Amino acid sequence: MRLKRTGIFTKVIIVVLLLYAVTTLIVLRGKIETAEETLDERLKTRADLTASNDDMQYALDHKDDDEVLEDLARREGMVYQDEGVVIAG
């Protein structure tokens with residue numbers, strides 16, 4: 001059995017389709033990398049928010065504890081009347 005030779009038109013079509021496939025793969029790889037970066041950022045934000053929520057929940061659960069109240073007041077910049085404030089900078 002003898003194989004039929006392909007024409008120039010068929011070869012051009014195959015090359016065009018291969019170029020299209022390679023270009024599409026490159027573009028999709030870029031989109032995947034961008035999506036992975038976005039996911040990493042959002043996971044970090046989620047972890048930060050979860051830690052913040054845990055801190056707030058602890059403060060609510062221990063709202064009658066003097067040490068917790070003092071810590072919250074200090075975070076807001078409050079000090080005792082006879083206490084001096086040193087600002088490092």
# chains A, B, ... in the order shown; residues from 1 in each chain; ligands from 1
call {"tool": "select_by_dssp", "arguments": {"residues": "chain A", "states": "helix (DSSP H, G or I)", "output": "PyMOL selection string"}}
result
chain A and resi 8-61+66-75
call {"tool": "atom_distance", "arguments": {"atom1": "CA of Leu69 in chain A", "atom2": "CA of Thr45 in chain A"}}
result
26.7 Å
call {"tool": "atom_distance", "arguments": {"atom1": "CA of Glu70 in chain A", "atom2": "CA of Asp82 in chain A"}}
result
15.1 Å
call {"tool": "residues_around", "arguments": {"residues": "Met56 in chain A", "least_positions_apart": "5", "cutoff": "12 Å", "atoms": "only C-alpha atoms", "output": "MDAnalysis selection string"}}
result
chainID A and resid 49:51 61:63 68:69 71:72
call {"tool": "write_last_selection", "arguments": {"atoms": "C-alpha atoms", "output": "PDB file, in the first residue's frame"}}
result
ATOM      1  CA  LEU A  49      -8.232  37.481  59.738  1.00  0.00           C
ATOM      2  CA  THR A  50      -8.663  34.165  61.524  1.00  0.00           C
ATOM      3  CA  ALA A  51      -5.912  35.085  63.992  1.00  0.00           C
ATOM      4  CA  ASP A  61     -14.609  35.508  76.471  1.00  0.00           C
ATOM      5  CA  HIS A  62     -12.342  37.121  79.097  1.00  0.00           C
ATOM      6  CA  LYS A  63     -13.860  40.603  79.198  1.00  0.00           C
ATOM      7  CA  VAL A  68      -7.114  41.448  79.112  1.00  0.00           C
ATOM      8  CA  LEU A  69      -8.718  44.842  79.706  1.00  0.00           C
ATOM      9  CA  ASP A  71      -3.882  44.877  77.208  1.00  0.00           C
ATOM     10  CA  LEU A  72      -6.792  46.192  75.126  1.00  0.00           C
TER      11      LEU A  72
END
call {"tool": "residues_around", "arguments": {"residues": "Arg74 in chain A", "least_positions_apart": "6", "cutoff": "12 Å", "atoms": "only C-alpha atoms", "output": "number ranges by chain"}}
result
A: 67-68, 80, 83, 85
call {"tool": "atom_distance", "arguments": {"atom1": "CA of Glu36 in chain A", "atom2": "CA of Asp48 in chain A"}}
result
18.4 Å
call {"tool": "decode", "arguments": {"residues": "range 28-69 of chain A", "atoms": "C-alpha atoms", "output": "compact mmCIF listing (two decimals), in the first residue's frame"}}
result
# COMPACT_ATOMS: atom_id res chain seq x y z
CA LEU A 28 -3.10 29.59 30.05
CA ARG A 29 0.11 29.03 32.01
CA GLY A 30 0.29 32.77 32.70
CA LYS A 31 -3.31 32.78 33.89
CA ILE A 32 -2.64 29.81 36.16
CA GLU A 33 0.36 31.55 37.74
CA THR A 34 -1.69 34.69 38.34
CA ALA A 35 -4.51 32.65 39.88
CA GLU A 36 -2.04 30.82 42.15
CA GLU A 37 -0.57 34.15 43.35
CA THR A 38 -4.06 35.48 44.06
CA LEU A 39 -4.91 32.30 45.95
CA ASP A 40 -1.75 32.59 48.07
CA GLU A 41 -2.56 36.22 48.92
CA ARG A 42 -6.12 35.35 49.87
CA LEU A 43 -5.02 32.41 52.01
CA LYS A 44 -2.60 34.69 53.87
CA THR A 45 -5.33 37.28 54.36
CA ARG A 46 -7.65 34.54 55.62
CA ALA A 47 -5.03 33.35 58.11
CA ASP A 48 -4.49 36.92 59.34
CA LEU A 49 -8.23 37.48 59.74
CA THR A 50 -8.66 34.17 61.52
CA ALA A 51 -5.91 35.08 63.99
CA SER A 52 -7.50 38.50 64.53
CA ASN A 53 -10.90 36.91 65.10
CA ASP A 54 -9.40 34.46 67.58
CA ASP A 55 -7.83 37.36 69.49
CA MET A 56 -11.14 39.23 69.56
CA GLN A 57 -13.03 36.12 70.65
CA TYR A 58 -10.54 35.60 73.48
CA ALA A 59 -11.02 39.21 74.56
CA LEU A 60 -14.79 38.77 74.55
CA ASP A 61 -14.61 35.51 76.47
CA HIS A 62 -12.34 37.12 79.10
CA LYS A 63 -13.86 40.60 79.20
CA ASP A 64 -13.89 40.61 83.00
CA ASP A 65 -10.20 39.74 83.29
CA ASP A 66 -8.13 42.78 84.33
CA GLU A 67 -5.07 41.71 82.31
CA VAL A 68 -7.11 41.45 79.11
CA LEU A 69 -8.72 44.84 79.71
